[in-house]
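Following: one structure in structure tokens, then a few remarks.
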Amino acid sequence: MKVDYINFGSRIITGQENGIRYSREYSDSGLLVSNNEWEANSDRFVKSEHFDELGNIVESHKFSYSPNLIIERYKNKFQEYTRTITEEIKGERKYIKEIYNSKTRPANNYVMVSVRDLANKTVALFMNGQKLL
């Protein structure tokens, strides 16, 4: 007697390859629905992608990391932006600079600078050159 296994609903497969942990969700028809990835050693989020029924990417969210720098990229059919965050310590202060650049809504672009002491208390906050705090 042969048994055919039938899945009802989606199926999630998790694993690890080349220092990346992943979670992939497949529809009940076997099509890839989403793919999420994290760095295995630090558990930092790296990538999330969602797909339509034809296998096309409909949403992509990616992060890249290097010392004192984080770059975030997001894209779907309604919006696309890049956010860059840098950290720099000068003397007794830590400067965190965030640059948001939207391709779909340029009016929302901004540059924010947060100045903190070494205890991580906010000392000053600037948005597009204007002092807020």
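In the structure tokens, chains take letters A, B, ... by order of appearance, with residues numbered from 1 within each chain and ligands from 1 in the order shown.
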Can you list, as number ranges by chain, every protein, DNA or RNA residue that comes within 10 Å of His61 (chain A) when you count only C-alpha atoms, leaving out same-chain residues fewer than 5 positions away? A: 36, 45-50, 72-76, 80-82
Compile the contact shell of Ile20 (chain A) as a list in words: residues with an atom at most 9 Å away, counting only C-alpha atoms, same-chain residues fewer than 4 positions apart removed. Gly15, Gln16, Glu37, Trp38, Glu39, Ala40, Asn41, Asp43 and Val46 of chain A
Enter the distance from CA of Met112 (chain A) to CA of Asn128 (chain A), in Å, rounded to one decimal.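 About the pair CA of Met112 (chain A) and CA of Asn128 (chain A): they are 6.2 Å apart.
One finds CA of Leu118 (chain A) at 17.5 Å from CA of Leu133 (chain A).
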What is the distance between CA of Ile85 (chain A) and CA of Ile99 (chain A), in Å to one decimal? 6.5 Å
Judged by only C-alpha atoms, the minimum distance to Lys94 (chain A) among A:Val111, A:Ile70, A:Ile13, A:Ala119 is found for A:Ala119
With DSSP run on the backbone, what are the strand (DSSP E or B) residues within chain A? I'd like them as a VMD selection string. chain A and resid 11 to 17 20 to 26 32 to 39 45 to 51 57 to 66 69 to 76 80 to 90 93 to 102 110 to 117 122 to 127 130 to 131
Among A:Pro106, A:Arg24, A:Ile71, A:Phe63, Phe51 (chain A) is approached most closely, using only C-alpha atoms, by A:Arg24
